[in-house]
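Colleague: Sending over my_file.tsv (TSV, C-alpha atoms).
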```tsv
chain	number	residue	atom	x	y	z
A	7	MET	CA	26.36	32.94	-27.21
A	8	THR	CA	24.29	30.38	-25.30
A	9	ALA	CA	26.00	27.89	-23.03
A	10	LYS	CA	25.18	24.25	-23.61
A	11	THR	CA	24.73	21.72	-20.85
A	12	THR	CA	24.82	18.06	-21.53
A	13	THR	CA	22.64	15.56	-19.77
A	14	ALA	CA	25.71	13.40	-19.24
A	15	THR	CA	27.07	15.92	-16.74
A	16	LYS	CA	23.77	16.64	-14.98
A	17	THR	CA	22.41	14.65	-12.09
A	18	TYR	CA	18.73	14.57	-11.36
A	19	ASP	CA	17.72	14.52	-7.71
A	20	GLY	CA	13.98	14.23	-8.37
A	21	PHE	CA	11.72	11.23	-8.18
A	22	SER	CA	13.07	7.74	-8.73
A	23	GLU	CA	11.71	5.51	-11.47
A	24	GLU	CA	9.75	3.57	-8.83
A	25	GLU	CA	8.27	6.77	-7.38
A	26	ARG	CA	7.19	7.97	-10.83
A	27	ALA	CA	5.61	4.56	-11.49
A	28	ALA	CA	3.73	4.76	-8.17
A	29	MET	CA	2.41	8.23	-9.04
A	30	LYS	CA	1.30	6.97	-12.46
A	31	ALA	CA	-0.43	4.01	-10.79
A	32	HIS	CA	-2.17	6.39	-8.38
A	33	ALA	CA	-3.45	8.48	-11.30
A	34	GLU	CA	-4.74	5.30	-12.95
A	35	ASP	CA	-6.40	4.26	-9.67
A	36	LEU	CA	-8.16	7.62	-9.46
A	37	LYS	CA	-9.31	7.40	-13.09
A	38	ALA	CA	-10.64	3.88	-12.56
A	39	THR	CA	-12.49	4.99	-9.43
A	40	SER	CA	-13.94	7.96	-11.29
A	41	ARG	CA	-15.10	5.78	-14.22
A	42	ARG	CA	-16.44	3.12	-11.89
A	43	GLY	CA	-18.23	5.53	-9.57
A	44	THR	CA	-20.43	3.59	-7.21
A	45	LYS	CA	-20.66	0.77	-9.75
A	46	GLY	CA	-17.98	-1.80	-10.29
A	47	ASP	CA	-15.93	-3.81	-7.93
A	48	ALA	CA	-12.79	-2.39	-6.35
A	49	GLU	CA	-12.45	-5.64	-4.42
A	50	SER	CA	-11.79	-7.57	-7.64
A	51	GLU	CA	-9.21	-4.95	-8.70
A	52	VAL	CA	-7.38	-5.44	-5.39
A	53	LEU	CA	-7.48	-9.23	-5.73
A	54	ALA	CA	-6.21	-8.96	-9.32
A	55	LYS	CA	-3.32	-6.75	-8.15
A	56	ILE	CA	-2.47	-9.28	-5.44
A	57	ALA	CA	-2.56	-12.10	-8.02
A	58	GLU	CA	0.06	-10.22	-10.11
A	59	MET	CA	2.58	-10.17	-7.25
A	60	GLN	CA	5.63	-12.39	-6.98
A	61	GLU	CA	4.83	-15.56	-5.04
A	62	ALA	CA	6.41	-14.60	-1.69
A	63	ASP	CA	4.58	-11.25	-1.56
A	64	ARG	CA	1.38	-12.70	-3.01
A	65	VAL	CA	1.13	-15.28	-0.21
A	66	ILE	CA	1.57	-12.58	2.44
A	67	ALA	CA	-0.77	-10.13	0.66
A	68	GLU	CA	-3.51	-12.78	0.44
A	69	ARG	CA	-3.22	-13.44	4.18
A	70	VAL	CA	-3.18	-9.70	4.99
A	71	HIS	CA	-6.28	-9.23	2.82
A	72	THR	CA	-8.09	-12.02	4.65
A	73	ILE	CA	-7.04	-10.67	8.04
A	74	VAL	CA	-8.16	-7.12	7.21
A	75	LYS	CA	-11.53	-8.26	5.85
A	76	SER	CA	-12.09	-10.40	8.95
A	77	ALA	CA	-10.80	-7.96	11.58
A	78	ALA	CA	-12.39	-4.85	10.04
A	79	PRO	CA	-15.23	-5.84	7.71
A	80	GLY	CA	-16.29	-2.19	7.42
A	81	LEU	CA	-13.12	-1.24	5.56
A	82	ILE	CA	-13.37	-0.95	1.78
A	83	SER	CA	-10.74	-2.54	-0.42
A	84	LYS	CA	-9.23	-0.25	-3.04
A	85	LEU	CA	-6.03	0.36	-4.94
A	86	TRP	CA	-3.81	3.16	-3.67
A	87	TYR	CA	-0.70	4.03	-5.68
A	88	GLY	CA	-1.18	0.62	-7.30
A	89	MET	CA	-1.07	-1.18	-3.94
A	90	PRO	CA	-3.85	-3.02	-2.11
A	91	ALA	CA	-5.30	-0.68	0.49
A	92	TYR	CA	-8.19	-0.58	2.92
A	93	ALA	CA	-10.19	2.56	3.59
A	94	HIS	CA	-13.05	3.93	5.65
A	95	ALA	CA	-16.30	4.64	3.77
A	96	ASP	CA	-15.13	8.26	3.39
A	97	GLY	CA	-12.18	7.01	1.31
A	98	LYS	CA	-9.46	7.71	3.89
A	99	ILE	CA	-6.86	4.96	3.72
A	100	VAL	CA	-6.33	3.14	7.00
A	101	CYS	CA	-3.74	0.60	5.89
A	102	PHE	CA	-2.01	-0.67	2.77
A	103	PHE	CA	0.19	-3.53	1.64
A	104	GLN	CA	3.41	-2.61	-0.14
A	105	PRO	CA	5.11	-5.48	-1.98
A	106	ALA	CA	8.90	-5.57	-1.72
A	107	PRO	CA	9.63	-4.81	-5.41
A	108	LYS	CA	7.45	-1.68	-5.34
A	109	PHE	CA	10.39	0.47	-4.20
A	110	LYS	CA	13.13	-2.18	-4.44
A	111	ALA	CA	12.86	-2.98	-0.74
A	112	ARG	CA	14.10	-6.22	0.74
A	113	TYR	CA	10.75	-6.97	2.41
A	114	ALA	CA	7.05	-6.27	2.00
A	115	THR	CA	5.37	-3.90	4.45
A	116	LEU	CA	1.98	-3.31	5.97
A	117	GLY	CA	1.65	0.42	6.43
A	118	PHE	CA	-0.85	2.49	8.38
A	119	ASN	CA	-1.89	6.03	7.49
A	120	ASP	CA	-2.97	8.76	9.87
A	121	ALA	CA	-6.60	7.58	9.63
A	122	ALA	CA	-5.50	4.55	11.65
A	123	ARG	CA	-5.96	4.99	15.38
A	124	LEU	CA	-2.71	3.45	16.54
A	125	ASP	CA	-1.59	6.41	18.65
A	126	ASP	CA	0.47	5.28	21.62
A	127	GLY	CA	1.97	8.17	23.55
A	128	THR	CA	4.18	10.45	21.49
A	129	MET	CA	5.69	7.83	19.16
A	130	TRP	CA	4.45	4.64	17.47
A	131	PRO	CA	5.23	2.56	14.38
A	132	THR	CA	3.30	3.23	11.19
A	133	SER	CA	4.59	0.31	9.14
A	134	TYR	CA	5.66	-3.25	9.72
A	135	ALA	CA	8.12	-5.34	7.72
A	136	LEU	CA	6.65	-8.67	6.65
A	137	THR	CA	8.85	-11.54	5.54
A	138	THR	CA	6.49	-14.35	6.49
A	139	LEU	CA	3.42	-14.62	8.69
A	140	THR	CA	3.20	-16.97	11.65
A	141	GLU	CA	-0.02	-17.53	13.57
A	142	ALA	CA	1.25	-15.15	16.24
A	143	ASP	CA	2.01	-12.51	13.58
A	144	GLU	CA	-1.47	-12.91	12.12
A	145	ALA	CA	-3.04	-12.46	15.55
A	146	ARG	CA	-0.94	-9.34	16.13
A	147	LEU	CA	-1.93	-7.91	12.73
A	148	ALA	CA	-5.61	-8.59	13.43
A	149	ALA	CA	-5.32	-6.77	16.77
A	150	LEU	CA	-3.54	-3.80	15.13
A	151	ILE	CA	-6.18	-3.56	12.42
A	152	LYS	CA	-9.01	-3.73	14.96
A	153	GLN	CA	-7.30	-0.98	16.96
A	154	ALA	CA	-6.75	1.07	13.80
A	155	VAL	CA	-10.50	1.23	13.12
A	156	SER	CA	-11.73	1.48	16.72
```
Would you kindly transcribe this structure into structure tokens?
Modeller:
Amino acid sequence: MTAKTTTATKTYDGFSEEERAAMKAHAEDLKATSRRGTKGDAESEVLAKIAEMQEADRVIAERVHTIVKSAAPGLISKLWYGMPAYAHADGKIVCFFQPAPKFKARYATLGFNDAARLDDGTMWPTSYALTTLTEADEARLAALIKQAVS
């Protein structure tokens, strides 16, 4: 006799719905990049993704995009797990903007990957919470981005 288990009694400790959606978005990003090849415009895809965001995140994402493009014009805009990201020519992501709803967070973040050169001793931040951007915040972000690509 085979024992039956019901899904009502099981708990699943795997990926959350948001994590699965991010992985699906990443697969779509890779497919789009593959189809586009060297043709096409990843910049317009990033701007379209920013335009889809809720107003509070969209305003911050637009400013972050402008700051990144100004502070590090050599970085390439691309989508990464469905988020606006900025990479070296070799495709390695330096930084990315994560809107608050992406993983049900209470604030948006600007994250830096290991391609960013922000090393400072034995410990340093790799992401920053963004609730609004003042002029001082924008200057600090520009300096961080410049350092990240130096």
Colleague: So, counting only C-alpha atoms, which residue among A:Arg123, A:Lys37, A:His94, A:Arg64 is closest to Pro107 in chain A?
Modeller: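 Of the candidates, the smallest distance to Pro107 in chain A is held by A:Arg64.
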Colleague: Need the shell around Ala54 in chain A: protein/DNA/RNA residues with any atom at most 12 Å away, counting all atoms listed in the file. Skip same-chain ones fewer than 3 positions apart. Format as a ChimeraX atom specification?
Modeller: /A:47-51,57-59,64,67-68,83-85,88-90
Colleague: One number please: CA of Glu141 in chain A to CA of Lys55 in chain A, in Å, one decimal.
Modeller: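 Result for CA of Glu141 in chain A versus CA of Lys55 in chain A: 24.5 Å, one decimal.
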Colleague: Counting only C-alpha atoms, which residues sit no farther than 12 Å from the position (14.3, -7.2, 1.1) in the file's frame? I'd like them as a list in words.
Modeller: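 Residues close enough to count: Ala62, Asp63, Gln104, Pro105, Ala106, Pro107, Lys108, Phe109, Lys110, Ala111, Arg112, Tyr113, Ala114, Thr115, Ala135, Leu136, Thr137 and Thr138 of chain A.
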Colleague: What is the distance between CA of Val100 in chain A and CA of Thr132 in chain A, in Å to one decimal?
Modeller: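 Distance reported for this atom pair: 10.5 Å.
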Colleague: Quick one: residues within 12 Å of Thr140 in chain A, all atoms listed in the file, excluding same-chain residues fewer than 5 positions away - as a list of chain:residue names?
Modeller: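 Surrounding residues, per the criterion: A:Ile66, A:Arg69, A:Val70, A:Ala145, A:Arg146, A:Leu147.
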Colleague: Go ahead and dump the residues you just picked, C-alpha atoms, as a short mmCIF file (atom, residue, chain, number, x, y, z; two decimals), in the frame of the given file.
Modeller:
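Contents of again.cif, freshly written:
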```
data_model
loop_
_atom_site.label_atom_id
_atom_site.label_comp_id
_atom_site.auth_asym_id
_atom_site.auth_seq_id
_atom_site.Cartn_x
_atom_site.Cartn_y
_atom_site.Cartn_z
CA ILE A 66 1.57 -12.58 2.44
CA ARG A 69 -3.22 -13.44 4.18
CA VAL A 70 -3.18 -9.70 4.99
CA ALA A 145 -3.04 -12.46 15.55
CA ARG A 146 -0.94 -9.34 16.13
CA LEU A 147 -1.93 -7.91 12.73
#
```
Colleague: In Å, with one decimal, what is the gap from CA of Ala122 in chain A to CA of Ile99 in chain A?
Modeller: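 One can read the CA of Ala122 in chain A to CA of Ile99 in chain A distance as 8.1 Å.
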Colleague: Which is closer to Trp130 in chain A than all the others in A:Met29, A:Phe118, A:Val155, A:Ile56, using only C-alpha atoms?
Modeller: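 Result for the nearest residue to Trp130 in chain A: A:Phe118.
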Colleague: As a PyMOL selection string, please: the residues near Ala149 in chain A (cut-off 12 Å, all atoms listed in the file, same-chain neighbours under 2 positions excluded).
Modeller: chain A and resi 73-74+76-78+123-124+142-147+151-156
